Each structure stands twice: as structure tokens, then as C-alpha cells.
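Quick notes on the structure that follows.
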Amino acid sequence: MVIAILNITWQTLADALALGGVYALMAVGIGLVFGVLRLVNFAYGQLIMAGAYALAFASQWDLPNWAGILFCFVVVLALTMAMDRLVFRPLRTQSPVVMLVATFAVAFLLQSIALLAFGSLGKTASSLAPLNQPWYIRGVAVRKIAIVAIVVAAGCLALLQLLLTRTSVGLQMRAASMDFHTARILGVRANRVIGGAVLISGLLAAVVSVMLTVQNPLVTPTFALNDTIVVLAGVVLGGLNRPISATLGGFTIGFATGILGGALPTNQSQYLPTILFLAVILVLLVRPNGLFARGGGAMERV
Amino acid sequence: MSAGMRRAPEVLAPALLVLGTALLGLAVSTALQSYFLNTLVDVSIVVALSVFVGNSGVVSFGQISFVALGVWTAGVLTVPVAEKPAIMPGLAHFLRSATVGNVPSLLLAALAGLVFALLVGLPLMRLSGLAAGIATFAVLEITNNVLRYDNAIGPGLNAFSSVPQTTGIWQAAIGALICIALAYAYQRSRHGRMLRATREDAAAASATGISVYRQRLVAFAISGGLAGFAGGLYVHLLPIEIDSLYLDLTFLTLAMLVVGGSGSLLGAVVGTLAVGGLDSFLSAAENGIDVLGWHIDLPTGTSLIVVGVLMAAVLILRPGGLTGGREFTLPRRRQPERAAPEPAG
């Protein structure tokens, strides 16, 4: 293990930070919607998958990069809105577990649609590939996308923090995620807050799909599925009660995945999911409300 | 009519559905029979799932890991010794010469599932709600990851070929009936009743002295045992591999339970037969079939789409499932007094 720790290169560290950043963005996307709807969106990865397919088609049609990214945003946002209208809204009154199972079904549905429409072999999104080349910083090679991802993630999180703390709609969102019922009584408009949260979560999904597609240009129906499972674990690990603790959870699990994946030798790194999910179980046993949760928390009040 | 007699249809209805399916399976061609076999094994898996999920109201994404363990146990122990090195080159020494017969392998699969579920449940059943859901998901991930790469305990990424294919219609049907009988016996026992009380109102149940933790643990272990048994049936049916014991099967079995209605045993069986029948029909149609003179040829992947839509639709429109979570009862001869009056002509 000592040797494994010494094995960490700058590339591994940058990749781990980048993965942490990307997972943090996914965690915010999932955490915001959970805050206002009490709904864990298992189908979040399929939004990202849809965006990745949009990029792949854009690259197949030789669209310029800005148009491809725009197309990706349009597709992801449209799908997000459709999901909100057709699935989230009818399920608003159900228990969190029923909603989780329902989004599980939606995830499979979207995945099979992708399988049916685009086949299992996958499509390649090559137009953004130059971002995968290394930059040399004082002789140390670091892939451009790692730095771009870190910068973009930090920028998005900073903007989001400003939105949540400095604007009226952000304040309403935070109030709604603390106690939706009381917030409504105090004049917070439910549809506006929920719509806002869903919209932001869709925007973040589009950003994530651009970054993941650069790193992994082969887009298949199961694109981002594993990432979503890991992020979901990370979000619960961090604590779903506040957006910030969910974000930290997402970053932590992404960073840990990156470091372990880079540092462990191959015959051990295949057990990476085992190590990761064992850690998740252990943390949940010690702190069921999450690692970064504040206060006593989620025991049912009678 | 004694209370026991009045209760009889509750367990007879799902049992007769299974028997009917088995008899229908005997009547059709060999090609079609495989769909019936699959669905009958699915009945066992879904009934196992419903013992925990249905009675406790806590969703578990981890039950397929107990099925997988049952597959591994029964599979490793029944591959003929001569063929083991070819399929499982890295197998641990003590497993290389160990072989058992069909029935012992099923019992050992059940035992493996039971013990594993008990060990996993001891810490995990303290959690509830979303934390429990994610933690059981973590169990699925871990089990899948270990079985996939640890060649000392099984074939890893290879399929379980050369396992004796003893699961015919009768073994599948009898297996499903055993699962139904045990699940019903548990449901009617005081443990089952206590757990159902915690499902309705955990706080009130605790106040009457029921340990939510202990009752959930009992159900989780029984569910794990039945799931392991179902896994044993499964590996004796077809050369199975680790990829078919992961998210797709988790999704399909949860869909079956939810569509049928997770609150009752009848729901588990009805849901499995309905979704299994639909899924089989569509899978057959993906290869092209003729129905009543019409030729149907659907593109590959249609069945998962239809099942996904069905599951989402049932959750949104009828959260109780097809059966509404009720068991089958015969209509009483005299109408209960509180029944709504018939609308006048």
C-alpha cells in the first residue's frame, strides 16, 4: 500500500481531481432535484448518455464544435423537461423509494431506446478528441481535458453557490429543500422552484456529458451508467439533506475512484468497485445521514 | 367454514397459477418451452424478493446478489470433476474434487444465500429508506465484482457450461411451489405479521415492542435463502454467466414485483407471469413469429422498452400494482354489511 501511494503521478492526481469535479457536478444535479422533490433520479446517467449521443451525431454530421455542444445542451434540456413533465410530476406525492424505483425503470427505458435506435456497438464522438491530448507543464504531462474539467467544475460550482446564496430563487430553493411544506406556506411557488432545480440539473448533465465524452469518445447505451451508480452512492455517502454535502460526497467518491484507479496495480484495481462500495457501506453504518450531514437529521418524526 | 379453509385460496391461487403455467409449458413445443421454464424460475426469484420487499416495504436492489451466490454454489458443485479445469482453471483446491447431486446442490445454494444474507443483513438492516436502498445496491456491486474476477471460487467471466440441466418443467414448477409455500408460511407466522406491522407504521410497531431491526433481518435472511435456491434452479436451467445476474435481472424482477403489486404473494406471482409472458412474447417476436396468420418481427430491444414503459406506467397510475397488494379471496356468500349499495337500475 505504501508503494501504491508513492505511485501517484501528476497525471493521476489531475485525473482524480477532474473526475472528482465531474462527479461533483453530477452530485449537484442529483442533489438539487432531491432537495425540492425528494426524488433520487436514477435516470440521470441516461440524460448524460443522450447528450453524448448528440455529440456523436454532431461529430458524424461534421458540425462545428460550438454547434455540437449547443445541440447536446438542447437535447439534454429537452429530455430533462420531458422527464419532469411525464415522470416526476405525476410521482410527486409518492414515497422516495417508489420514486427511486420509477426512475430506475425510466433509466432502463431510455437505455433500451438507445439500444434499439443506435445499436449496441456504439458511436464515436471524435470532434472533441484534441482536448484529450496532453499539455506539458514544466515537463509534466497532463491531459488538457483534466484541467478543463477541473476549471469548468469549479466555475459551475462557484456560479451555483452564488445562485443559491445571492438570489431570491436560490434562497427559495434552499428553503424548499429544508422543508417544502413550510416554504410553500411562506409564499414559495412550488412549480417555479422545482422547474428551476430541474433546469439546473439538466444544464449540469449537459456539461457533464461534454466532459465525459471527451474522455471516453465511444458512446454506447450504457454510457455513464456506472458513473451514475458511483455518484448515487457518493451522494448518499455525503448526505442528501443539503446540496453542499451531496456535492462533497460526489467529489470525494470521484477523487477516491481516480486515485485508487491510477495507483492500484491492475490485479487489484479490478476490485476497485468492491473497495469503493465497502467503504460506502461502512460510512453509511457509522453515519446513516451522510458523512457531511449536519445535525441529527432524518429520523422519522412522529 | 373454518378460518383455515377461508384462508386457503390465498396460497392456492398463486400455486394454481404456477401449476397452470407448468401444464401449459408441457403442451407447447420445445422451442417455446424455454420461455415457460425461464418464467417459472423467475417466479421463485420474485417470490424470494417479495418476502423481504413486500413484507417490509423496504426496497432492496441486492437480492440478485443472493441469486448469484446460489448460481455459483450450485454451479461449482455440479460441474463434473473432469470438466472443471476447462471452465474454471483457477478454482481453489478444495472445490476441484467436490461434487454433489442435483437436490443437495439446490439445498446448498439455498444455505449459501441464507448465510450470506444473514451476514449482510446484520449490519445493513439497521438502515432504512434511501440509505438502505443504496447500501443493498452496494452489496450487488460488490458481489458482482468479486464473482466476476475471483477465479478461485467460480468461472469468473466464463459461462457455467456443463452444469447438468436438471431444471425441466417439473423441477422449475416444484421449486416455485416450494418458494410460494415457504413465503406464505412466513407471511402468516408471527414474524411475518410483525414485519407487516412495521411496514404499515414503524413507529407504532416499535411502540408495541416489535424490533424493526430483528424482523427485517429475519425476512432478509429467508429472502436470501429462497433467492439462493432460485439461483440453484437457474444454473441447472441454462449455461448462465455473471453478466446476466446484474442490473438487467434486478430491473426485470423488481418490475415484475411492482407490476403485480409488492404487497402480496399473489402480486408477486401474477406480476411475474404477466411481465414474463409479455417479455417472452416480445422476445420471441424479436426473432419473428406468426400469430394467427400475422407475421410479427420486432426490432431487438423492444421487450425491455415495453417492460420499462409498463413498470413506469404502473408506478405512476396504479402504485399498488395489478393486484393492489391484496391476496386472492373467494367472494363471500353473504355481502358484508358495509358494502356499497348497488346503484339502482
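Chain labels A, B, ... are given in the sequence in which chains occur in the C-alpha cells; within each chain residues are numbered consecutively from 1, and ligands are likewise numbered from 1 in the order shown.
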
Quick one: which segment 149-248 of chain A residues come within 8 Å of segment 125-149 of chain B, and what is the nearest atom pair for each with the distance in Å to one decimal, counting only C-alpha atoms, rows ordered by chain and ascending number, as a Markdown table?
| residue | atom | partner | partner_atom | distance |
| --- | --- | --- | --- | --- |
| A:Leu232 | CA | B:Ile134 | CA | 7.7 |
| A:Ala233 | CA | B:Ile134 | CA | 6.3 |
| A:Val236 | CA | B:Ala131 | CA | 6.7 |

Excluding same-chain residues fewer than 4 positions from segment 57-61 of chain A, what lies within 12 Å of it counting only C-alpha atoms, as a list in words?
Ala50, Gly51, Ala52, Tyr53, Asn65, Trp66, Ala67, Gly68, Ile69, Leu70, Phe71, Cys72, Phe73, Val75, Phe118, Gly122, Lys123, Thr124, Ala125, Ser126, Ser127, Leu128, Ala129, Val210, Thr213, Val214, Pro217, Leu218 and Val219 of chain A

Selected residues written out with N, CA and C atoms, as a JSON list (two decimals), in the first residue's frame:
[["chain", "number", "residue", "atom", "x", "y", "z"],
["A", 50, "ALA", "N", -27.73, 10.62, -23.41],
["A", 50, "ALA", "CA", -28.40, 11.27, -24.53],
["A", 50, "ALA", "C", -27.54, 12.41, -25.06],
["A", 51, "GLY", "N", -26.96, 13.19, -24.15],
["A", 51, "GLY", "CA", -26.08, 14.28, -24.56],
["A", 51, "GLY", "C", -24.88, 13.76, -25.33],
["A", 52, "ALA", "N", -24.33, 12.64, -24.85],
["A", 52, "ALA", "CA", -23.16, 12.07, -25.52],
["A", 52, "ALA", "C", -23.52, 11.62, -26.93],
["A", 53, "TYR", "N", -24.72, 11.02, -27.09],
["A", 53, "TYR", "CA", -25.15, 10.63, -28.44],
["A", 53, "TYR", "C", -25.31, 11.87, -29.32],
["A", 65, "ASN", "N", -17.67, 22.55, -33.48],
["A", 65, "ASN", "CA", -17.76, 22.15, -32.08],
["A", 65, "ASN", "C", -18.81, 22.93, -31.30],
["A", 66, "TRP", "N", -18.88, 24.27, -31.57],
["A", 66, "TRP", "CA", -19.84, 25.06, -30.79],
["A", 66, "TRP", "C", -21.26, 24.58, -31.08],
["A", 67, "ALA", "N", -21.52, 24.21, -32.35],
["A", 67, "ALA", "CA", -22.87, 23.77, -32.72],
["A", 67, "ALA", "C", -23.15, 22.40, -32.09],
["A", 68, "GLY", "N", -22.12, 21.54, -32.07],
["A", 68, "GLY", "CA", -22.30, 20.23, -31.46],
["A", 68, "GLY", "C", -22.64, 20.35, -29.98],
["A", 69, "ILE", "N", -21.91, 21.23, -29.29],
["A", 69, "ILE", "CA", -22.16, 21.40, -27.85],
["A", 69, "ILE", "C", -23.55, 22.00, -27.63],
["A", 70, "LEU", "N", -23.92, 22.94, -28.50],
["A", 70, "LEU", "CA", -25.26, 23.54, -28.40],
["A", 70, "LEU", "C", -26.33, 22.46, -28.59],
["A", 71, "PHE", "N", -26.12, 21.62, -29.61],
["A", 71, "PHE", "CA", -27.07, 20.53, -29.89],
["A", 71, "PHE", "C", -27.19, 19.62, -28.67],
["A", 72, "CYS", "N", -26.04, 19.32, -28.05],
["A", 72, "CYS", "CA", -26.02, 18.47, -26.86],
["A", 72, "CYS", "C", -26.86, 19.11, -25.74],
["A", 73, "PHE", "N", -26.68, 20.42, -25.53],
["A", 73, "PHE", "CA", -27.45, 21.10, -24.48],
["A", 73, "PHE", "C", -28.94, 21.05, -24.79],
["A", 75, "VAL", "N", -30.63, 18.85, -26.60],
["A", 75, "VAL", "CA", -31.17, 17.50, -26.43],
["A", 75, "VAL", "C", -31.35, 17.18, -24.95],
["A", 118, "PHE", "N", -29.82, 3.06, -31.80],
["A", 118, "PHE", "CA", -28.44, 3.28, -32.24],
["A", 118, "PHE", "C", -27.58, 2.03, -32.20],
["A", 122, "GLY", "N", -22.16, 1.16, -30.48],
["A", 122, "GLY", "CA", -21.79, 2.49, -30.07],
["A", 122, "GLY", "C", -21.35, 3.37, -31.22],
["A", 123, "LYS", "N", -21.33, 4.66, -30.97],
["A", 123, "LYS", "CA", -20.90, 5.65, -31.96],
["A", 123, "LYS", "C", -19.72, 6.42, -31.38],
["A", 124, "THR", "N", -18.90, 6.96, -32.25],
["A", 124, "THR", "CA", -17.74, 7.69, -31.76],
["A", 124, "THR", "C", -17.93, 9.19, -31.93],
["A", 125, "ALA", "N", -17.67, 9.91, -30.86],
["A", 125, "ALA", "CA", -17.71, 11.37, -30.92],
["A", 125, "ALA", "C", -16.27, 11.85, -30.99],
["A", 126, "SER", "N", -15.79, 12.09, -32.22],
["A", 126, "SER", "CA", -14.36, 12.33, -32.37],
["A", 126, "SER", "C", -14.00, 13.81, -32.44],
["A", 127, "SER", "N", -15.00, 14.68, -32.63],
["A", 127, "SER", "CA", -14.65, 16.06, -32.94],
["A", 127, "SER", "C", -13.99, 16.78, -31.76],
["A", 128, "LEU", "N", -14.25, 16.29, -30.54],
["A", 128, "LEU", "CA", -13.65, 16.96, -29.38],
["A", 128, "LEU", "C", -12.36, 16.28, -28.93],
["A", 129, "ALA", "N", -11.91, 15.29, -29.72],
["A", 129, "ALA", "CA", -10.76, 14.48, -29.30],
["A", 129, "ALA", "C", -9.49, 15.29, -29.01],
["A", 210, "VAL", "N", -20.58, 16.56, -22.04],
["A", 210, "VAL", "CA", -19.48, 17.04, -22.89],
["A", 210, "VAL", "C", -18.15, 16.54, -22.34],
["A", 213, "THR", "N", -17.66, 12.75, -22.62],
["A", 213, "THR", "CA", -17.49, 12.30, -24.00],
["A", 213, "THR", "C", -16.08, 12.57, -24.50],
["A", 214, "VAL", "N", -15.48, 13.69, -24.05],
["A", 214, "VAL", "CA", -14.10, 13.95, -24.44],
["A", 214, "VAL", "C", -13.19, 12.84, -23.92],
["A", 217, "PRO", "N", -14.65, 8.77, -25.91],
["A", 217, "PRO", "CA", -15.43, 9.15, -27.10],
["A", 217, "PRO", "C", -16.37, 8.06, -27.61],
["A", 218, "LEU", "N", -16.21, 6.83, -27.14],
["A", 218, "LEU", "CA", -17.10, 5.77, -27.62],
["A", 218, "LEU", "C", -18.40, 5.80, -26.82],
["A", 219, "VAL", "N", -19.49, 6.16, -27.49],
["A", 219, "VAL", "CA", -20.77, 6.33, -26.81],
["A", 219, "VAL", "C", -21.63, 5.09, -27.02]]

Tell me, as a PyMOL selection string, which residues lie within 12 Å of segment 181-184 of chain A, counting only C-alpha atoms; anything in the same chain fewer than 4 positions away does not count.
chain A and resi 36-37+171-177+188-194

Would you save the residues of that selection, restricted to C-alpha atoms, as a PDB file, in the first residue's frame?
ATOM      1  CA  VAL A  36     -37.016  20.024  -3.871  1.00  0.00           C
ATOM      2  CA  LEU A  37     -38.702  16.768  -4.944  1.00  0.00           C
ATOM      3  CA  LEU A 171     -32.976  31.236  -1.364  1.00  0.00           C
ATOM      4  CA  GLN A 172     -36.361  29.758  -2.228  1.00  0.00           C
ATOM      5  CA  MET A 173     -34.708  26.581  -3.456  1.00  0.00           C
ATOM      6  CA  ARG A 174     -32.754  26.178  -0.256  1.00  0.00           C
ATOM      7  CA  ALA A 175     -35.842  26.873   1.791  1.00  0.00           C
ATOM      8  CA  ALA A 176     -37.806  24.328  -0.226  1.00  0.00           C
ATOM      9  CA  SER A 177     -35.160  21.668   0.269  1.00  0.00           C
ATOM     10  CA  VAL A 188     -42.505  29.995  -2.304  1.00  0.00           C
ATOM     11  CA  ARG A 189     -44.026  28.967  -5.607  1.00  0.00           C
ATOM     12  CA  ALA A 190     -43.594  25.226  -5.932  1.00  0.00           C
ATOM     13  CA  ASN A 191     -43.568  24.933  -9.708  1.00  0.00           C
ATOM     14  CA  ARG A 192     -41.055  27.732 -10.123  1.00  0.00           C
ATOM     15  CA  VAL A 193     -38.631  26.260  -7.613  1.00  0.00           C
ATOM     16  CA  ILE A 194     -38.972  22.716  -8.917  1.00  0.00           C
TER      17      ILE A 194
END

Check: which chain A residues lie within 8 Å of chain B using only C-alpha atoms, as a PyMOL selection string
chain A and resi 87+90-91+96-98+102-106+108-110+112-113+115-116+232-233+236+270-271+273-274+277-278+280-281+284-285+288-289+302

Return as a tab-separated table the residues of segment 45-145 of chain B lying at most 6 Å from segment 228-242 of chain B, together with the closest atom-to-atom pair for each and the distance in Å to one decimal, counting only C-alpha atoms, with rows in chain order and ascending residue number.
residue	atom	partner	partner_atom	distance
B:Ile45	CA	B:Ala230	CA	5.5
B:Phe66	CA	B:Gly228	CA	5.2
B:Val67	CA	B:Gly231	CA	4.4
B:Gly70	CA	B:Gly228	CA	3.9
B:Val71	CA	B:Gly231	CA	4.5
B:Ala74	CA	B:Gly232	CA	5.2
B:Leu106	CA	B:Gly232	CA	5.1
B:Ala109	CA	B:Gly228	CA	5.1
B:Ala110	CA	B:Phe229	CA	4.1
B:Gly113	CA	B:Gly228	CA	4.3

Separation of atom CA of Gly155 of chain A and atom CA of Gly21 of chain A, in Å?
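Rounded to one decimal, the two atoms are 10.2 Å apart.
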
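Each of A:Leu260, A:Ala107, A:Ala117, A:Met211 was checked against Asn132 of chain A using only C-alpha atoms; the smallest atom-to-atom distance is that of A:Met211.
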
Env of segment 210-215 of chain B: 12 Å cut, atoms = only C-alpha atoms, seq-sep filter 3 positions within chain, self excluded. Answer as a PDB file with N, CA and C atoms, in the first residue's frame.
ATOM      1  N   VAL B  51     -40.599 -11.656  -0.315  1.00  0.00           N
ATOM      2  CA  VAL B  51     -40.580 -11.973   1.115  1.00  0.00           C
ATOM      3  C   VAL B  51     -39.999 -10.802   1.891  1.00  0.00           C
ATOM      4  N   PHE B  52     -38.924 -10.205   1.357  1.00  0.00           N
ATOM      5  CA  PHE B  52     -38.360  -9.051   2.051  1.00  0.00           C
ATOM      6  C   PHE B  52     -39.050  -7.751   1.655  1.00  0.00           C
ATOM      7  N   ASN B  55     -43.029  -7.616   2.432  1.00  0.00           N
ATOM      8  CA  ASN B  55     -43.442  -7.599   3.827  1.00  0.00           C
ATOM      9  C   ASN B  55     -42.874  -6.421   4.607  1.00  0.00           C
ATOM     10  N   SER B  56     -41.661  -5.953   4.212  1.00  0.00           N
ATOM     11  CA  SER B  56     -41.037  -4.881   4.988  1.00  0.00           C
ATOM     12  C   SER B  56     -41.294  -3.502   4.400  1.00  0.00           C
ATOM     13  N   GLY B  57     -41.611  -3.438   3.095  1.00  0.00           N
ATOM     14  CA  GLY B  57     -41.793  -2.142   2.466  1.00  0.00           C
ATOM     15  C   GLY B  57     -40.477  -1.430   2.202  1.00  0.00           C
ATOM     16  N   VAL B  58     -39.349  -2.094   2.452  1.00  0.00           N
ATOM     17  CA  VAL B  58     -38.037  -1.518   2.162  1.00  0.00           C
ATOM     18  C   VAL B  58     -37.558  -2.095   0.837  1.00  0.00           C
ATOM     19  N   LEU B 118     -27.826 -13.300   5.834  1.00  0.00           N
ATOM     20  CA  LEU B 118     -27.798 -13.052   7.276  1.00  0.00           C
ATOM     21  C   LEU B 118     -26.588 -12.181   7.633  1.00  0.00           C
ATOM     22  N   GLY B 121     -27.151  -8.776   6.239  1.00  0.00           N
ATOM     23  CA  GLY B 121     -28.253  -8.108   6.912  1.00  0.00           C
ATOM     24  C   GLY B 121     -27.907  -7.635   8.310  1.00  0.00           C
ATOM     25  N   LEU B 122     -27.033  -8.369   8.995  1.00  0.00           N
ATOM     26  CA  LEU B 122     -26.696  -7.999  10.375  1.00  0.00           C
ATOM     27  C   LEU B 122     -26.330  -6.523  10.492  1.00  0.00           C
ATOM     28  N   PRO B 123     -25.385  -6.021   9.666  1.00  0.00           N
ATOM     29  CA  PRO B 123     -25.155  -4.582   9.738  1.00  0.00           C
ATOM     30  C   PRO B 123     -26.189  -3.754   8.968  1.00  0.00           C
ATOM     31  N   LEU B 124     -26.620  -4.250   7.785  1.00  0.00           N
ATOM     32  CA  LEU B 124     -27.380  -3.394   6.871  1.00  0.00           C
ATOM     33  C   LEU B 124     -28.812  -3.108   7.322  1.00  0.00           C
ATOM     34  N   MET B 125     -29.414  -4.047   8.063  1.00  0.00           N
ATOM     35  CA  MET B 125     -30.817  -3.864   8.394  1.00  0.00           C
ATOM     36  C   MET B 125     -31.039  -2.746   9.411  1.00  0.00           C
ATOM     37  N   ARG B 126     -29.928  -2.178   9.921  1.00  0.00           N
ATOM     38  CA  ARG B 126     -30.078  -1.011  10.794  1.00  0.00           C
ATOM     39  C   ARG B 126     -30.473   0.216   9.993  1.00  0.00           C
ATOM     40  N   LEU B 127     -30.202   0.171   8.681  1.00  0.00           N
ATOM     41  CA  LEU B 127     -30.503   1.328   7.840  1.00  0.00           C
ATOM     42  C   LEU B 127     -31.945   1.261   7.363  1.00  0.00           C
ATOM     43  N   SER B 128     -32.477   2.401   6.961  1.00  0.00           N
ATOM     44  CA  SER B 128     -33.806   2.352   6.352  1.00  0.00           C
ATOM     45  C   SER B 128     -33.879   3.389   5.240  1.00  0.00           C
ATOM     46  N   TYR B 186     -44.197 -18.049   6.038  1.00  0.00           N
ATOM     47  CA  TYR B 186     -43.543 -16.943   6.751  1.00  0.00           C
ATOM     48  C   TYR B 186     -44.507 -15.783   6.938  1.00  0.00           C
ATOM     49  N   GLN B 187     -45.212 -15.464   5.852  1.00  0.00           N
ATOM     50  CA  GLN B 187     -46.125 -14.325   5.883  1.00  0.00           C
ATOM     51  C   GLN B 187     -47.194 -14.485   6.961  1.00  0.00           C
ATOM     52  N   SER B 189     -46.829 -16.325   9.690  1.00  0.00           N
ATOM     53  CA  SER B 189     -46.252 -16.558  11.017  1.00  0.00           C
ATOM     54  C   SER B 189     -46.239 -15.251  11.815  1.00  0.00           C
ATOM     55  N   ARG B 190     -45.911 -15.352  13.114  1.00  0.00           N
ATOM     56  CA  ARG B 190     -45.928 -14.113  13.879  1.00  0.00           C
ATOM     57  C   ARG B 190     -44.815 -13.171  13.415  1.00  0.00           C
ATOM     58  N   HIS B 191     -43.693 -13.729  12.966  1.00  0.00           N
ATOM     59  CA  HIS B 191     -42.631 -12.859  12.453  1.00  0.00           C
ATOM     60  C   HIS B 191     -43.119 -12.060  11.249  1.00  0.00           C
ATOM     61  N   GLY B 192     -43.792 -12.780  10.322  1.00  0.00           N
ATOM     62  CA  GLY B 192     -44.312 -12.102   9.141  1.00  0.00           C
ATOM     63  C   GLY B 192     -45.296 -11.015   9.501  1.00  0.00           C
ATOM     64  N   ARG B 193     -46.203 -11.329  10.436  1.00  0.00           N
ATOM     65  CA  ARG B 193     -47.193 -10.328  10.837  1.00  0.00           C
ATOM     66  C   ARG B 193     -46.542  -9.121  11.486  1.00  0.00           C
ATOM     67  N   MET B 194     -45.516  -9.399  12.334  1.00  0.00           N
ATOM     68  CA  MET B 194     -44.844  -8.282  12.997  1.00  0.00           C
ATOM     69  C   MET B 194     -44.164  -7.388  11.969  1.00  0.00           C
ATOM     70  N   LEU B 195     -43.537  -8.027  10.962  1.00  0.00           N
ATOM     71  CA  LEU B 195     -42.844  -7.223   9.949  1.00  0.00           C
ATOM     72  C   LEU B 195     -43.838  -6.390   9.153  1.00  0.00           C
ATOM     73  N   ARG B 196     -45.000  -6.997   8.844  1.00  0.00           N
ATOM     74  CA  ARG B 196     -46.000  -6.233   8.089  1.00  0.00           C
ATOM     75  C   ARG B 196     -46.524  -5.071   8.914  1.00  0.00           C
ATOM     76  N   ALA B 197     -46.556  -5.267  10.227  1.00  0.00           N
ATOM     77  CA  ALA B 197     -46.969  -4.156  11.092  1.00  0.00           C
ATOM     78  C   ALA B 197     -45.957  -3.010  10.994  1.00  0.00           C
ATOM     79  N   THR B 198     -44.648  -3.364  10.956  1.00  0.00           N
ATOM     80  CA  THR B 198     -43.655  -2.285  10.852  1.00  0.00           C
ATOM     81  C   THR B 198     -43.745  -1.597   9.498  1.00  0.00           C
ATOM     82  N   ARG B 199     -44.194  -2.333   8.468  1.00  0.00           N
ATOM     83  CA  ARG B 199     -44.349  -1.719   7.155  1.00  0.00           C
ATOM     84  C   ARG B 199     -45.432  -0.658   7.190  1.00  0.00           C
ATOM     85  N   GLU B 200     -46.542  -0.984   7.879  1.00  0.00           N
ATOM     86  CA  GLU B 200     -47.648  -0.031   7.911  1.00  0.00           C
ATOM     87  C   GLU B 200     -47.290   1.197   8.730  1.00  0.00           C
ATOM     88  N   ASP B 201     -46.654   0.988   9.889  1.00  0.00           N
ATOM     89  CA  ASP B 201     -46.298   2.123  10.730  1.00  0.00           C
ATOM     90  C   ASP B 201     -45.161   1.702  11.650  1.00  0.00           C
ATOM     91  N   ALA B 202     -43.948   2.091  11.271  1.00  0.00           N
ATOM     92  CA  ALA B 202     -42.777   1.637  12.008  1.00  0.00           C
ATOM     93  C   ALA B 202     -42.807   2.135  13.453  1.00  0.00           C
ATOM     94  N   ALA B 203     -43.243   3.387  13.626  1.00  0.00           N
ATOM     95  CA  ALA B 203     -43.218   3.956  14.972  1.00  0.00           C
ATOM     96  C   ALA B 203     -44.207   3.224  15.881  1.00  0.00           C
ATOM     97  N   ALA B 204     -45.428   2.996  15.365  1.00  0.00           N
ATOM     98  CA  ALA B 204     -46.441   2.320  16.179  1.00  0.00           C
ATOM     99  C   ALA B 204     -46.014   0.887  16.482  1.00  0.00           C
ATOM    100  N   ALA B 205     -45.398   0.224  15.495  1.00  0.00           N
ATOM    101  CA  ALA B 205     -44.960  -1.149  15.712  1.00  0.00           C
ATOM    102  C   ALA B 205     -43.888  -1.202  16.800  1.00  0.00           C
ATOM    103  N   SER B 206     -42.930  -0.266  16.736  1.00  0.00           N
ATOM    104  CA  SER B 206     -41.900  -0.230  17.774  1.00  0.00           C
ATOM    105  C   SER B 206     -42.532  -0.011  19.135  1.00  0.00           C
ATOM    106  N   ALA B 207     -43.556   0.840  19.164  1.00  0.00           N
ATOM    107  CA  ALA B 207     -44.191   1.161  20.438  1.00  0.00           C
ATOM    108  C   ALA B 207     -44.862  -0.060  21.053  1.00  0.00           C
ATOM    109  N   VAL B 218     -34.798 -11.150   9.892  1.00  0.00           N
ATOM    110  CA  VAL B 218     -35.363 -12.486   9.643  1.00  0.00           C
ATOM    111  C   VAL B 218     -35.849 -12.592   8.201  1.00  0.00           C
ATOM    112  N   ALA B 219     -36.615 -11.573   7.763  1.00  0.00           N
ATOM    113  CA  ALA B 219     -37.153 -11.623   6.398  1.00  0.00           C
ATOM    114  C   ALA B 219     -36.038 -11.576   5.368  1.00  0.00           C
ATOM    115  N   PHE B 220     -35.022 -10.757   5.647  1.00  0.00           N
ATOM    116  CA  PHE B 220     -33.908 -10.619   4.702  1.00  0.00           C
ATOM    117  C   PHE B 220     -33.194 -11.959   4.542  1.00  0.00           C
ATOM    118  N   ALA B 221     -32.997 -12.666   5.662  1.00  0.00           N
ATOM    119  CA  ALA B 221     -32.300 -13.953   5.604  1.00  0.00           C
ATOM    120  C   ALA B 221     -33.140 -14.987   4.848  1.00  0.00           C
ATOM    121  N   ILE B 222     -34.448 -15.055   5.159  1.00  0.00           N
ATOM    122  CA  ILE B 222     -35.312 -16.012   4.453  1.00  0.00           C
ATOM    123  C   ILE B 222     -35.342 -15.692   2.964  1.00  0.00           C
TER     124      ILE B 222
END

Pick out the closest residue to Ala78 of chain A from this set: A:Val208, A:Ile253, A:Ala24, A:Leu199. Count only C-alpha atoms.
A:Leu199

I'd like the neighbourhood of Ala181 of chain B as a PyMOL selection string, where a residue qualifies if any of its atoms comes within 9 Å (using only C-alpha atoms), though same-chain residues fewer than 4 positions away should be ignored.
chain B and resi 11+15+176-177+185-186

Residues from the last selection, N, CA and C atoms, saved as a JSON list (two decimals), in the first residue's frame:
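File produced: part.json:
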[["chain", "number", "residue", "atom", "x", "y", "z"],
["B", 11, "VAL", "N", -53.19, -19.03, -0.69],
["B", 11, "VAL", "CA", -51.99, -19.70, -1.15],
["B", 11, "VAL", "C", -52.29, -20.60, -2.35],
["B", 15, "ALA", "N", -50.47, -20.84, -6.27],
["B", 15, "ALA", "CA", -49.97, -22.18, -6.59],
["B", 15, "ALA", "C", -50.62, -22.71, -7.87],
["B", 176, "ALA", "N", -40.78, -23.46, -7.64],
["B", 176, "ALA", "CA", -41.60, -22.26, -7.44],
["B", 176, "ALA", "C", -42.65, -22.51, -6.37],
["B", 177, "LEU", "N", -43.25, -23.74, -6.38],
["B", 177, "LEU", "CA", -44.28, -24.04, -5.38],
["B", 177, "LEU", "C", -43.68, -24.06, -3.97],
["B", 185, "ALA", "N", -45.99, -19.41, 4.41],
["B", 185, "ALA", "CA", -45.86, -19.79, 5.81],
["B", 185, "ALA", "C", -45.21, -18.67, 6.62],
["B", 186, "TYR", "N", -44.20, -18.05, 6.04],
["B", 186, "TYR", "CA", -43.54, -16.94, 6.75],
["B", 186, "TYR", "C", -44.51, -15.78, 6.94]]

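Note that the spacing between atom CA of Arg242 of chain A and atom CA of Leu79 of chain A amounts to 25.5 Å.
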
Show me, as a JSON list (two decimals) with N, CA and C atoms, in the first residue's frame, the residues that have an atom within 8 Å of Leu272 of chain A when counting only C-alpha atoms, minus same-chain residues fewer than 4 positions from it.
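File produced: part-v1.json:
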[["chain", "number", "residue", "atom", "x", "y", "z"],
["A", 257, "THR", "N", -12.04, 7.35, -6.46],
["A", 257, "THR", "CA", -12.00, 6.45, -7.62],
["A", 257, "THR", "C", -10.79, 6.73, -8.48],
["A", 260, "LEU", "N", -7.45, 5.74, -6.58],
["A", 260, "LEU", "CA", -7.29, 4.28, -6.46],
["A", 260, "LEU", "C", -7.10, 3.65, -7.83],
["A", 261, "GLY", "N", -7.89, 4.12, -8.82],
["A", 261, "GLY", "CA", -7.78, 3.56, -10.16],
["A", 261, "GLY", "C", -6.40, 3.77, -10.75],
["A", 268, "GLN", "N", -5.21, -5.52, -8.68],
["A", 268, "GLN", "CA", -6.04, -5.05, -7.57],
["A", 268, "GLN", "C", -7.10, -4.06, -8.04],
["A", 276, "LEU", "N", -14.58, 0.45, -3.09],
["A", 276, "LEU", "CA", -15.38, 1.66, -3.04],
["A", 276, "LEU", "C", -16.71, 1.44, -2.32]]
